[in-house]
file model.cif (mmCIF, C-alpha atoms and all ligand atoms)
data_my_file
loop_
_atom_site.group_PDB
_atom_site.id
_atom_site.type_symbol
_atom_site.label_atom_id
_atom_site.label_comp_id
_atom_site.auth_asym_id
_atom_site.auth_seq_id
_atom_site.Cartn_x
_atom_site.Cartn_y
_atom_site.Cartn_z
ATOM 1 C CA MET B 1 0.656 77.516 16.363
ATOM 2 C CA SER B 2 -0.289 76.136 19.748
ATOM 3 C CA LEU B 3 -3.819 75.386 20.923
ATOM 4 C CA GLU B 4 -3.172 77.364 24.072
ATOM 5 C CA ILE B 5 -5.848 79.892 23.065
ATOM 6 C CA VAL B 6 -8.460 77.128 23.490
ATOM 7 C CA ALA B 7 -7.321 76.440 27.047
ATOM 8 C CA ARG B 8 -7.242 80.176 27.773
ATOM 9 C CA GLU B 9 -10.409 81.433 26.049
ATOM 10 C CA GLY B 10 -12.491 78.322 25.398
ATOM 11 C CA LEU B 11 -13.933 76.592 22.340
ATOM 12 C CA VAL B 12 -17.610 76.276 21.478
ATOM 13 C CA LEU B 13 -18.575 73.219 19.417
ATOM 14 C CA LEU B 14 -21.910 73.375 17.609
ATOM 15 C CA GLY B 15 -22.935 69.796 16.789
ATOM 16 C CA CYS B 16 -21.116 66.809 18.227
ATOM 17 C CA GLY B 17 -22.005 63.843 16.039
ATOM 18 C CA LYS B 18 -19.487 61.674 14.197
ATOM 19 C CA MET B 19 -17.062 64.398 13.079
ATOM 20 C CA GLY B 20 -17.567 66.732 16.031
ATOM 21 C CA SER B 21 -16.806 63.830 18.391
ATOM 22 C CA ALA B 22 -13.697 62.858 16.415
ATOM 23 C CA LEU B 23 -12.414 66.434 16.661
ATOM 24 C CA LEU B 24 -13.264 66.800 20.338
ATOM 25 C CA ALA B 25 -11.566 63.464 21.111
ATOM 26 C CA GLY B 26 -8.439 64.689 19.276
ATOM 27 C CA TRP B 27 -8.341 67.958 21.204
ATOM 28 C CA LEU B 28 -8.820 66.214 24.553
ATOM 29 C CA LYS B 29 -6.112 63.716 23.617
ATOM 30 C CA ALA B 30 -3.828 66.646 22.757
ATOM 31 C CA GLY B 31 -4.081 67.587 26.436
ATOM 32 C CA LEU B 32 -6.655 70.392 26.354
ATOM 33 C CA PRO B 33 -8.796 70.357 29.501
ATOM 34 C CA ALA B 34 -12.462 69.312 29.146
ATOM 35 C CA SER B 35 -13.397 72.497 31.018
ATOM 36 C CA SER B 36 -12.269 74.539 27.960
ATOM 37 C CA PHE B 37 -15.071 73.150 25.785
ATOM 38 C CA TRP B 38 -18.690 74.261 25.499
ATOM 39 C CA VAL B 39 -20.641 71.761 23.380
ATOM 40 C CA ILE B 40 -24.106 72.393 21.974
ATOM 41 C CA GLU B 41 -25.598 69.046 21.003
ATOM 42 C CA PRO B 42 -29.302 68.092 21.235
ATOM 43 C CA ASN B 43 -28.571 64.332 21.195
ATOM 44 C CA PRO B 44 -25.408 63.850 23.274
ATOM 45 C CA SER B 45 -23.802 60.397 23.169
ATOM 46 C CA ASP B 46 -22.798 58.550 26.334
ATOM 47 C CA TRP B 47 -19.177 59.280 25.410
ATOM 48 C CA LEU B 48 -19.837 63.019 25.143
ATOM 49 C CA GLN B 49 -21.612 63.040 28.491
ATOM 50 C CA SER B 50 -18.648 61.259 30.062
ATOM 51 C CA THR B 51 -16.036 63.780 28.854
ATOM 52 C CA GLY B 52 -16.709 66.473 31.424
ATOM 53 C CA VAL B 53 -17.125 69.254 28.837
ATOM 54 C CA HIS B 54 -19.749 71.973 29.383
ATOM 55 C CA LEU B 55 -22.749 70.415 27.665
ATOM 56 C CA ASN B 56 -25.677 72.541 26.477
ATOM 57 C CA GLU B 57 -24.793 75.350 28.872
ATOM 58 C CA GLY B 58 -24.563 79.071 28.142
ATOM 59 C CA VAL B 59 -21.409 79.734 26.121
ATOM 60 C CA PRO B 60 -18.646 82.239 26.966
ATOM 61 C CA GLN B 61 -19.103 85.781 25.600
ATOM 62 C CA ALA B 62 -15.948 85.724 23.481
ATOM 63 C CA PRO B 63 -14.508 82.214 23.124
ATOM 64 C CA GLY B 64 -11.266 81.821 21.178
ATOM 65 C CA VAL B 65 -12.885 79.429 18.704
ATOM 66 C CA ALA B 66 -16.366 78.357 17.587
ATOM 67 C CA VAL B 67 -16.515 75.119 15.579
ATOM 68 C CA LEU B 68 -19.481 74.418 13.323
ATOM 69 C CA ALA B 69 -20.048 70.674 12.927
ATOM 70 C CA VAL B 70 -23.748 70.336 12.101
ATOM 71 C CA LYS B 71 -25.022 69.057 8.757
ATOM 72 C CA PRO B 72 -25.144 71.746 6.056
ATOM 73 C CA GLN B 73 -28.923 71.281 5.886
ATOM 74 C CA MET B 74 -29.121 72.165 9.612
ATOM 75 C CA MET B 75 -26.715 75.104 9.442
ATOM 76 C CA GLY B 76 -29.395 77.735 8.758
ATOM 77 C CA ALA B 77 -31.344 76.691 11.858
ATOM 78 C CA ALA B 78 -28.322 76.110 14.108
ATOM 79 C CA LEU B 79 -25.993 79.027 13.291
ATOM 80 C CA PRO B 80 -28.091 81.869 14.778
ATOM 81 C CA ALA B 81 -27.305 80.383 18.229
ATOM 82 C CA LEU B 82 -23.749 81.700 17.742
ATOM 83 C CA GLN B 83 -24.553 84.851 15.754
ATOM 84 C CA ALA B 84 -23.643 87.082 18.702
ATOM 85 C CA LEU B 85 -20.035 85.847 18.456
ATOM 86 C CA GLY B 86 -19.695 87.181 14.898
ATOM 87 C CA ASN B 87 -17.618 90.238 13.930
ATOM 88 C CA GLY B 88 -15.472 89.721 16.999
ATOM 89 C CA ARG B 89 -12.209 87.975 17.890
ATOM 90 C CA THR B 90 -13.733 84.475 17.923
ATOM 91 C CA LEU B 91 -12.375 82.338 15.078
ATOM 92 C CA PHE B 92 -15.140 80.326 13.416
ATOM 93 C CA LEU B 93 -14.113 76.948 11.998
ATOM 94 C CA SER B 94 -16.665 75.161 9.826
ATOM 95 C CA ILE B 95 -16.287 71.561 8.731
ATOM 96 C CA ALA B 96 -19.619 71.519 6.883
ATOM 97 C CA ALA B 97 -19.712 70.452 3.249
ATOM 98 C CA GLY B 98 -21.129 73.035 0.871
ATOM 99 C CA THR B 99 -21.893 75.991 3.141
ATOM 100 C CA THR B 100 -19.780 78.832 1.772
ATOM 101 C CA ILE B 101 -17.767 81.572 3.437
ATOM 102 C CA ALA B 102 -20.195 84.081 1.888
ATOM 103 C CA ALA B 103 -23.167 82.305 3.502
ATOM 104 C CA PHE B 104 -21.454 82.364 6.901
ATOM 105 C CA GLU B 105 -20.494 86.016 6.537
ATOM 106 C CA GLU B 106 -24.106 86.859 5.731
ATOM 107 C CA VAL B 107 -25.180 85.602 9.171
ATOM 108 C CA LEU B 108 -22.053 86.306 11.217
ATOM 109 C CA GLY B 109 -20.850 89.508 9.563
ATOM 110 C CA ASN B 110 -17.952 89.930 7.145
ATOM 111 C CA ARG B 111 -15.464 90.932 9.833
ATOM 112 C CA THR B 112 -15.762 87.441 11.348
ATOM 113 C CA PRO B 113 -12.527 85.426 11.129
ATOM 114 C CA LEU B 114 -13.525 82.169 9.466
ATOM 115 C CA VAL B 115 -11.778 78.973 8.389
ATOM 116 C CA ARG B 116 -13.419 76.245 6.326
ATOM 117 C CA ALA B 117 -11.966 72.792 6.827
ATOM 118 C CA MET B 118 -12.917 69.519 5.193
ATOM 119 C CA PRO B 119 -11.787 66.528 7.278
ATOM 120 C CA ASN B 120 -12.666 62.821 6.931
ATOM 121 C CA THR B 121 -13.672 60.017 9.309
ATOM 122 C CA PRO B 122 -10.194 58.473 9.747
ATOM 123 C CA ALA B 123 -9.896 61.497 12.061
ATOM 124 C CA MET B 124 -11.567 59.140 14.543
ATOM 125 C CA VAL B 125 -8.270 57.233 14.772
ATOM 126 C CA GLY B 126 -6.040 60.281 14.387
ATOM 127 C CA ARG B 127 -5.384 59.473 10.726
ATOM 128 C CA GLY B 128 -7.629 61.996 8.994
ATOM 129 C CA ILE B 129 -6.665 64.517 6.374
ATOM 130 C CA SER B 130 -8.234 67.951 6.028
ATOM 131 C CA GLY B 131 -8.100 70.634 3.378
ATOM 132 C CA ILE B 132 -8.440 74.160 4.794
ATOM 133 C CA CYS B 133 -8.996 77.689 3.533
ATOM 134 C CA ALA B 134 -9.881 80.965 5.235
ATOM 135 C CA ASN B 135 -11.610 84.271 4.649
ATOM 136 C CA ALA B 136 -9.765 87.599 4.585
ATOM 137 C CA SER B 137 -10.600 88.410 8.214
ATOM 138 C CA ALA B 138 -8.960 85.214 9.500
ATOM 139 C CA GLY B 139 -5.525 86.313 8.289
ATOM 140 C CA ALA B 140 -2.438 84.158 8.640
ATOM 141 C CA ALA B 141 -2.984 83.738 12.390
ATOM 142 C CA GLY B 142 -6.543 82.448 11.941
ATOM 143 C CA LEU B 143 -5.461 80.015 9.236
ATOM 144 C CA ALA B 144 -2.615 78.783 11.459
ATOM 145 C CA LEU B 145 -5.022 78.221 14.374
ATOM 146 C CA GLY B 146 -7.449 76.380 12.082
ATOM 147 C CA GLN B 147 -4.567 74.224 10.895
ATOM 148 C CA ALA B 148 -3.440 73.454 14.453
ATOM 149 C CA LEU B 149 -7.002 72.489 15.415
ATOM 150 C CA MET B 150 -7.307 70.075 12.502
ATOM 151 C CA GLU B 151 -3.788 68.663 13.009
ATOM 152 C CA ALA B 152 -5.015 67.193 16.294
ATOM 153 C CA VAL B 153 -6.755 64.512 14.192
ATOM 154 C CA GLY B 154 -4.405 64.066 11.250
ATOM 155 C CA GLN B 155 -2.734 65.779 8.324
ATOM 156 C CA VAL B 156 -3.709 69.174 6.911
ATOM 157 C CA VAL B 157 -3.269 70.667 3.448
ATOM 158 C CA THR B 158 -3.749 74.388 2.873
ATOM 159 C CA LEU B 159 -5.765 75.089 -0.254
ATOM 160 C CA ASP B 160 -5.234 77.829 -2.834
ATOM 161 C CA GLY B 161 -8.705 79.088 -2.009
ATOM 162 C CA GLU B 162 -12.302 78.182 -1.257
ATOM 163 C CA HIS B 163 -12.849 77.215 -4.913
ATOM 164 C CA GLN B 164 -10.930 73.974 -4.200
ATOM 165 C CA ILE B 165 -12.897 72.792 -1.178
ATOM 166 C CA ASP B 166 -15.658 70.970 -3.069
ATOM 167 C CA ALA B 167 -12.936 68.919 -4.770
ATOM 168 C CA VAL B 168 -11.435 68.060 -1.372
ATOM 169 C CA THR B 169 -14.890 67.160 -0.060
ATOM 170 C CA ALA B 170 -15.394 64.842 -3.022
ATOM 171 C CA LEU B 171 -11.930 63.256 -2.917
ATOM 172 C CA SER B 172 -10.811 62.870 0.693
ATOM 173 C CA GLY B 173 -13.918 64.012 2.618
ATOM 174 C CA GLY B 174 -16.075 61.246 1.178
ATOM 175 C CA GLY B 175 -13.116 59.114 0.061
ATOM 176 C CA PRO B 176 -13.242 56.731 3.032
ATOM 177 C CA ALA B 177 -16.732 55.674 1.902
ATOM 178 C CA TYR B 178 -15.346 54.769 -1.534
ATOM 179 C CA VAL B 179 -12.650 52.670 0.118
ATOM 180 C CA PHE B 180 -15.146 50.934 2.410
ATOM 181 C CA HIS B 181 -17.240 50.173 -0.650
ATOM 182 C CA LEU B 182 -14.122 48.809 -2.338
ATOM 183 C CA ILE B 183 -13.796 46.372 0.573
ATOM 184 C CA GLU B 184 -17.424 45.313 0.097
ATOM 185 C CA ALA B 185 -16.991 44.897 -3.661
ATOM 186 C CA MET B 186 -13.712 42.962 -3.325
ATOM 187 C CA ALA B 187 -15.300 40.610 -0.799
ATOM 188 C CA GLN B 188 -18.261 40.033 -3.127
ATOM 189 C CA ALA B 189 -15.877 39.301 -5.996
ATOM 190 C CA GLY B 190 -14.025 36.798 -3.803
ATOM 191 C CA VAL B 191 -17.288 35.026 -2.991
ATOM 192 C CA ALA B 192 -17.969 34.773 -6.739
ATOM 193 C CA GLN B 193 -14.624 32.938 -7.036
ATOM 194 C CA GLY B 194 -15.577 30.342 -4.396
ATOM 195 C CA LEU B 195 -14.641 31.842 -0.998
ATOM 196 C CA SER B 196 -17.023 31.954 1.970
ATOM 197 C CA GLU B 197 -18.425 35.389 2.765
ATOM 198 C CA GLU B 198 -16.538 35.481 6.060
ATOM 199 C CA VAL B 199 -13.146 34.591 4.616
ATOM 200 C CA ALA B 200 -13.648 36.869 1.589
ATOM 201 C CA MET B 201 -14.457 39.822 3.879
ATOM 202 C CA GLN B 202 -11.444 39.089 6.115
ATOM 203 C CA LEU B 203 -9.169 38.938 3.062
ATOM 204 C CA ALA B 204 -10.612 42.091 1.492
ATOM 205 C CA ARG B 205 -10.500 44.149 4.682
ATOM 206 C CA ALA B 206 -6.976 43.098 5.644
ATOM 207 C CA THR B 207 -5.780 43.700 2.078
ATOM 208 C CA VAL B 208 -7.125 47.256 1.949
ATOM 209 C CA CYS B 209 -5.802 48.028 5.446
ATOM 210 C CA GLY B 210 -2.416 46.458 4.700
ATOM 211 C CA ALA B 211 -2.096 48.230 1.353
ATOM 212 C CA GLY B 212 -3.158 51.501 2.992
ATOM 213 C CA GLU B 213 -0.569 51.121 5.725
ATOM 214 C CA LEU B 214 2.107 50.263 3.159
ATOM 215 C CA ALA B 215 1.184 53.320 1.084
ATOM 216 C CA TYR B 216 1.316 55.411 4.270
ATOM 217 C CA ARG B 217 4.708 54.168 5.417
ATOM 218 C CA SER B 218 6.557 53.467 2.185
ATOM 219 C CA PRO B 219 8.544 56.193 0.427
ATOM 220 C CA GLU B 220 7.635 54.565 -2.918
ATOM 221 C CA SER B 221 4.973 56.098 -5.156
ATOM 222 C CA ALA B 222 1.566 54.465 -5.467
ATOM 223 C CA ALA B 223 2.468 53.537 -9.051
ATOM 224 C CA GLN B 224 5.663 51.780 -7.897
ATOM 225 C CA LEU B 225 3.827 49.954 -5.098
ATOM 226 C CA ARG B 226 1.355 48.736 -7.740
ATOM 227 C CA ILE B 227 4.205 47.619 -10.018
ATOM 228 C CA ASN B 228 5.790 45.729 -7.088
ATOM 229 C CA VAL B 229 2.684 43.505 -6.912
ATOM 230 C CA THR B 230 2.382 42.974 -10.651
ATOM 231 C CA SER B 231 4.527 40.088 -11.919
ATOM 232 C CA PRO B 232 4.945 40.341 -15.692
ATOM 233 C CA GLY B 233 2.671 37.776 -17.324
ATOM 234 C CA GLY B 234 1.177 36.949 -13.919
ATOM 235 C CA THR B 235 -2.264 37.122 -12.347
ATOM 236 C CA THR B 236 -2.398 40.750 -11.124
ATOM 237 C CA ALA B 237 -1.646 42.038 -14.618
ATOM 238 C CA GLU B 238 -4.841 40.415 -15.845
ATOM 239 C CA GLY B 239 -6.887 41.972 -13.030
ATOM 240 C CA LEU B 240 -5.349 45.385 -13.666
ATOM 241 C CA LYS B 241 -6.197 45.211 -17.379
ATOM 242 C CA VAL B 242 -9.834 45.321 -16.300
ATOM 243 C CA LEU B 243 -9.355 48.024 -13.649
ATOM 244 C CA MET B 244 -7.147 50.233 -15.844
ATOM 245 C CA ASN B 245 -9.412 50.058 -18.876
ATOM 246 C CA PRO B 246 -9.708 53.678 -20.041
ATOM 247 C CA ASP B 247 -13.460 53.427 -20.635
ATOM 248 C CA SER B 248 -14.707 51.269 -17.778
ATOM 249 C CA GLY B 249 -11.829 51.068 -15.274
ATOM 250 C CA PHE B 250 -11.125 52.829 -11.980
ATOM 251 C CA PRO B 251 -9.930 56.164 -13.450
ATOM 252 C CA ALA B 252 -13.096 56.681 -15.490
ATOM 253 C CA LEU B 253 -15.333 55.491 -12.667
ATOM 254 C CA LEU B 254 -13.638 57.590 -9.982
ATOM 255 C CA THR B 255 -13.579 60.662 -12.195
ATOM 256 C CA ARG B 256 -17.368 60.331 -12.456
ATOM 257 C CA ALA B 257 -17.835 59.589 -8.746
ATOM 258 C CA VAL B 258 -15.647 62.467 -7.540
ATOM 259 C CA LYS B 259 -17.305 64.847 -10.013
ATOM 260 C CA ALA B 260 -20.785 63.820 -8.819
ATOM 261 C CA ALA B 261 -19.765 64.433 -5.196
ATOM 262 C CA ALA B 262 -18.106 67.779 -6.002
ATOM 263 C CA ASP B 263 -21.177 68.874 -7.971
ATOM 264 C CA ARG B 264 -23.335 68.048 -4.931
ATOM 265 C CA GLY B 265 -21.012 70.121 -2.741
ATOM 266 C CA ARG B 266 -21.463 73.099 -5.088
ATOM 267 C CA GLU B 267 -25.228 72.552 -5.082
ATOM 268 C CA LEU B 268 -25.318 72.486 -1.253
ATOM 269 C CA GLY B 269 -23.463 75.790 -1.315
ATOM 270 C CA LYS B 270 -26.202 77.561 -3.297
HETATM 271 N N1 LIG B 301 -19.215 62.290 8.193
HETATM 272 C C1 LIG B 301 -18.179 62.629 7.442
HETATM 273 O O1 LIG B 301 -17.473 61.774 6.876
HETATM 274 C C2 LIG B 301 -17.823 64.068 7.255
HETATM 275 C C3 LIG B 301 -18.685 65.084 7.618
HETATM 276 N N2 LIG B 301 -18.335 66.391 7.422
HETATM 277 C C4 LIG B 301 -19.241 67.454 7.798
HETATM 278 O O2 LIG B 301 -19.354 67.430 9.197
HETATM 279 C C5 LIG B 301 -20.617 67.897 9.590
HETATM 280 C C6 LIG B 301 -21.233 66.930 10.572
HETATM 281 O O3 LIG B 301 -21.347 65.681 9.949
HETATM 282 P P1 LIG B 301 -21.472 64.345 10.810
HETATM 283 O O4 LIG B 301 -20.700 64.486 12.065
HETATM 284 O O5 LIG B 301 -21.202 63.236 9.886
HETATM 285 O O6 LIG B 301 -23.025 64.390 11.134
HETATM 286 P P2 LIG B 301 -23.772 63.885 12.437
HETATM 287 O O7 LIG B 301 -25.210 63.799 12.067
HETATM 288 O O8 LIG B 301 -23.098 62.681 12.985
HETATM 289 O O9 LIG B 301 -23.557 65.108 13.450
HETATM 290 C C7 LIG B 301 -24.271 66.309 13.397
HETATM 291 C C8 LIG B 301 -24.723 66.607 14.816
HETATM 292 O O10 LIG B 301 -25.354 67.877 14.828
HETATM 293 C C9 LIG B 301 -26.370 67.823 15.828
HETATM 294 N N3 LIG B 301 -27.315 68.923 15.626
HETATM 295 C C10 LIG B 301 -28.423 68.972 14.852
HETATM 296 N N4 LIG B 301 -29.026 70.154 14.968
HETATM 297 C C11 LIG B 301 -28.295 70.897 15.840
HETATM 298 C C12 LIG B 301 -28.403 72.206 16.356
HETATM 299 N N5 LIG B 301 -29.401 73.016 15.998
HETATM 300 N N6 LIG B 301 -27.459 72.624 17.222
HETATM 301 C C13 LIG B 301 -26.444 71.830 17.575
HETATM 302 N N7 LIG B 301 -26.284 70.568 17.119
HETATM 303 C C14 LIG B 301 -27.203 70.119 16.260
HETATM 304 C C15 LIG B 301 -26.977 66.449 15.642
HETATM 305 O O11 LIG B 301 -27.683 66.029 16.804
HETATM 306 C C16 LIG B 301 -25.741 65.610 15.347
HETATM 307 O O12 LIG B 301 -25.228 64.975 16.514
HETATM 308 C C17 LIG B 301 -21.455 68.046 8.312
HETATM 309 O O13 LIG B 301 -21.574 69.392 8.005
HETATM 310 C C18 LIG B 301 -20.647 67.319 7.261
HETATM 311 O O14 LIG B 301 -20.757 67.934 5.998
HETATM 312 C C19 LIG B 301 -17.121 66.741 6.916
HETATM 313 C C20 LIG B 301 -16.242 65.784 6.561
HETATM 314 C C21 LIG B 301 -16.516 64.375 6.675
HETATM 315 O O1 LIG B 302 -21.349 63.113 2.598
HETATM 316 C C1 LIG B 302 -21.165 64.269 3.019
HETATM 317 O O2 LIG B 302 -21.858 65.222 2.607
HETATM 318 C C2 LIG B 302 -20.078 64.533 4.025
HETATM 319 C C3 LIG B 302 -19.030 65.456 3.494
HETATM 320 C C4 LIG B 302 -17.836 64.598 3.227
HETATM 321 C C5 LIG B 302 -18.157 63.348 3.856
HETATM 322 N N1 LIG B 302 -19.362 63.325 4.327
#
call {"tool": "encode", "arguments": {"input": "model.cif", "output": "structure tokens"}}
result
Amino acid sequence: MSLEIVAREGLVLLGCGKMGSALLAGWLKAGLPASSFWVIEPNPSDWLQSTGVHLNEGVPQAPGVAVLAVKPQMMGAALPALQALGNGRTLFLSIAAGTTIAAFEEVLGNRTPLVRAMPNTPAMVGRGISGICANASAGAAGLALGQALMEAVGQVVTLDGEHQIDAVTALSGGGPAYVFHLIEAMAQAGVAQGLSEEVAMQLARATVCGAGELAYRSPESAAQLRINVTSPGGTTAEGLKVLMNPDSGFPALLTRAVKAAADRGRELGK
């Protein structure tokens, strides 16, 4: 599906912080004209002000798309600004964690086409991944438009339903933070083995980025890429014994972390 509808009918973006900016940058880079965007943002960045979009102006009566990119805790206060666009042809696309389709339909009306997407911050460099789902009113066309909008900043997976979105939020939505923390923890561990903080951080960061790029480009599975590093009887095998320990290793730890994040997503949705 093409994004031509945005150029033709306009897109309203409610909230243009970290994720809203990443999305807007992707759409502008995809060639959509700045004049197609109406952004509502109380604290606009210098970048946003330089884009040439309509900023904090009255929005069109029936834009093609309205994107909701405020924090879930702000949604209740912010959404009424776009209530008049509900139950019409405007496709709503929410990237907020937690806030459910039912909660949106309560404010916007249940004939409002709505897509929920969960992206992540690598969207800022065009390497995000989003999980998406839609309500009944969106239909196949609405889901396809939601997908095209999110594909401007990376990959998209279509979910079986809204029941899976808290899992996506917990895995890939917040996942970059886990990886950045991995960099911090690896650097700290390197310092404990005698490296300077600066060198340990350079090694940790480049290792995670290099491994990520290899995983991205290589046709081999993650398990095979791991095996390729692990010489039998060598050093990595000893490190992996610690990390693959069934009780205290990565799988147990990440199962707990992802569950805690998913539980919070469900809680935000109440
Ligand atoms: N940061 C992340 O990694 C991800 C965030 N999300 C979701 O994206 C949404 C936005 O998150 P971030 O961009 O990280 O937050 P952010 O705080 O950077 O951006 C939110 C923006 O909303 C603006 N805002 C506040 N009240 C408003 C109102 N009444 N009307 C219009 N704008 C208003 C704020 O000024 C701010 O710039 C959240 O719902 C979050 O769950 C989803 C995936 C990843
Ligand atoms: O932490 C959060 O709630 C948001 C959703 C996924 C990433 N950041």
call {"tool": "closest_atom_pairs", "arguments": {"input": "model.cif", "of": "chain B", "to": "ligand LIG 301 (chain B)", "cutoff": "8 Å", "atoms": "only C-alpha atoms and all ligand atoms", "output": "tab-separated table"}}
result
residue	atom	partner	partner_atom	distance
B:Leu14	CA	B:LIG301	C13	4.8
B:Gly15	CA	B:LIG301	N7	3.5
B:Cys16	CA	B:LIG301	O12	4.8
B:Gly17	CA	B:LIG301	O9	3.3
B:Lys18	CA	B:LIG301	O4	3.7
B:Met19	CA	B:LIG301	O4	3.8
B:Gly20	CA	B:LIG301	O4	5.5
B:Ser21	CA	B:LIG301	O4	7.5
B:Ile40	CA	B:LIG301	C13	5.0
B:Glu41	CA	B:LIG301	N7	4.2
B:Pro42	CA	B:LIG301	O11	5.1
B:Asn43	CA	B:LIG301	O11	4.8
B:Pro44	CA	B:LIG301	O12	6.9
B:Leu68	CA	B:LIG301	C5	7.6
B:Ala69	CA	B:LIG301	C5	4.4
B:Val70	CA	B:LIG301	O10	4.0
B:Lys71	CA	B:LIG301	O13	3.5
B:Pro72	CA	B:LIG301	O13	4.7
B:Gln73	CA	B:LIG301	O13	7.9
B:Met74	CA	B:LIG301	N4	5.7
B:Met75	CA	B:LIG301	N5	7.4
B:Ala77	CA	B:LIG301	N5	5.9
B:Ala78	CA	B:LIG301	N5	3.8
B:Leu79	CA	B:LIG301	N5	7.4
B:Ala81	CA	B:LIG301	N6	7.8
B:Ser94	CA	B:LIG301	O13	7.8
B:Ile95	CA	B:LIG301	C4	5.1
B:Ala96	CA	B:LIG301	O13	3.1
B:Ala97	CA	B:LIG301	O14	3.9
B:Gly98	CA	B:LIG301	O14	7.2
B:Ala117	CA	B:LIG301	C19	7.9
B:Met118	CA	B:LIG301	C20	5.2
B:Pro119	CA	B:LIG301	C20	4.6
B:Asn120	CA	B:LIG301	C21	4.2
B:Thr121	CA	B:LIG301	O1	4.8
B:Thr169	CA	B:LIG301	C20	6.9
B:Gly173	CA	B:LIG301	C21	4.8
B:Gly174	CA	B:LIG301	O1	5.9
B:Pro176	CA	B:LIG301	O1	7.6
B:Ala177	CA	B:LIG301	O1	7.9
call {"tool": "write_last_selection", "arguments": {"input": "model.cif", "atoms": "C-alpha atoms", "output": "mmCIF file, in the frame of the given file"}}
result
data_model
loop_
_atom_site.group_PDB
_atom_site.id
_atom_site.type_symbol
_atom_site.label_atom_id
_atom_site.label_comp_id
_atom_site.auth_asym_id
_atom_site.auth_seq_id
_atom_site.Cartn_x
_atom_site.Cartn_y
_atom_site.Cartn_z
ATOM 1 C CA LEU B 14 -21.910 73.375 17.609
ATOM 2 C CA GLY B 15 -22.935 69.796 16.789
ATOM 3 C CA CYS B 16 -21.116 66.809 18.227
ATOM 4 C CA GLY B 17 -22.005 63.843 16.039
ATOM 5 C CA LYS B 18 -19.487 61.674 14.197
ATOM 6 C CA MET B 19 -17.062 64.398 13.079
ATOM 7 C CA GLY B 20 -17.567 66.732 16.031
ATOM 8 C CA SER B 21 -16.806 63.830 18.391
ATOM 9 C CA ILE B 40 -24.106 72.393 21.974
ATOM 10 C CA GLU B 41 -25.598 69.046 21.003
ATOM 11 C CA PRO B 42 -29.302 68.092 21.235
ATOM 12 C CA ASN B 43 -28.571 64.332 21.195
ATOM 13 C CA PRO B 44 -25.408 63.850 23.274
ATOM 14 C CA LEU B 68 -19.481 74.418 13.323
ATOM 15 C CA ALA B 69 -20.048 70.674 12.927
ATOM 16 C CA VAL B 70 -23.748 70.336 12.101
ATOM 17 C CA LYS B 71 -25.022 69.057 8.757
ATOM 18 C CA PRO B 72 -25.144 71.746 6.056
ATOM 19 C CA GLN B 73 -28.923 71.281 5.886
ATOM 20 C CA MET B 74 -29.121 72.165 9.612
ATOM 21 C CA MET B 75 -26.715 75.104 9.442
ATOM 22 C CA ALA B 77 -31.344 76.691 11.858
ATOM 23 C CA ALA B 78 -28.322 76.110 14.108
ATOM 24 C CA LEU B 79 -25.993 79.027 13.291
ATOM 25 C CA ALA B 81 -27.305 80.383 18.229
ATOM 26 C CA SER B 94 -16.665 75.161 9.826
ATOM 27 C CA ILE B 95 -16.287 71.561 8.731
ATOM 28 C CA ALA B 96 -19.619 71.519 6.883
ATOM 29 C CA ALA B 97 -19.712 70.452 3.249
ATOM 30 C CA GLY B 98 -21.129 73.035 0.871
ATOM 31 C CA ALA B 117 -11.966 72.792 6.827
ATOM 32 C CA MET B 118 -12.917 69.519 5.193
ATOM 33 C CA PRO B 119 -11.787 66.528 7.278
ATOM 34 C CA ASN B 120 -12.666 62.821 6.931
ATOM 35 C CA THR B 121 -13.672 60.017 9.309
ATOM 36 C CA THR B 169 -14.890 67.160 -0.060
ATOM 37 C CA GLY B 173 -13.918 64.012 2.618
ATOM 38 C CA GLY B 174 -16.075 61.246 1.178
ATOM 39 C CA PRO B 176 -13.242 56.731 3.032
ATOM 40 C CA ALA B 177 -16.732 55.674 1.902
#
call {"tool": "closest_residue", "arguments": {"input": "model.cif", "among": "B:Ile165, B:Val153, B:Leu13, B:Val39", "to": "Thr100 of chain B", "atoms": "all atoms listed in the file"}}
result
B:Ile165
call {"tool": "resolve_selection", "arguments": {"input": "model.cif", "expression": "the PyMOL selection byres (((chain B and resi 262) around 10) and not hetatm)", "output": "number ranges by chain"}}
result
B: 97-98, 164-171, 174, 256-261, 263-268
call {"tool": "resolve_selection", "arguments": {"input": "model.cif", "expression": "the PyMOL selection byres (((chain B and resi 5) around 10) and not hetatm)", "output": "PyMOL selection string"}}
result
chain B and resi 1-4+6-11+36+63-65+145
call {"tool": "axis_aligned_box", "arguments": {"input": "model.cif", "around": "ligand LIG 302 (chain B)", "padding_each_side": "5 Å", "output": "AutoDock Vina command-line options"}}
result
--center_x -19.8 --center_y 64.3 --center_z 3.5 --size_x 14.0 --size_y 12.3 --size_z 11.7
call {"tool": "atom_distance", "arguments": {"input": "model.cif", "atom1": "atom CA of Glu197 of chain B", "atom2": "atom CA of His181 of chain B"}}
result
15.2 Å
call {"tool": "resolve_selection", "arguments": {"input": "model.cif", "expression": "the PyMOL selection byres (((chain B and resi 144) around 12) and not hetatm)", "output": "PyMOL selection string"}}
result
chain B and resi 1-3+91+93+113-115+132-134+138-143+145-151+156-158
call {"tool": "residues_around", "arguments": {"input": "model.cif", "residues": "segment 206-211 of chain B", "least_positions_apart": "6", "cutoff": "12 Å", "atoms": "all atoms listed in the file", "output": "PyMOL selection string"}}
result
chain B and resi 176+178-187+199-200+217-218+222+225-226+228-229
call {"tool": "atom_distance", "arguments": {"input": "model.cif", "atom1": "atom C4 of ligand LIG 302 (chain B)", "atom2": "atom CA of Ser172 of chain B"}}
result
7.7 Å
call {"tool": "closest_residue", "arguments": {"input": "model.cif", "among": "B:Thr99, B:Ser221, B:Asn110, B:Ser196", "to": "ligand LIG 302 (chain B)", "atoms": "all atoms listed in the file"}}
result
B:Thr99
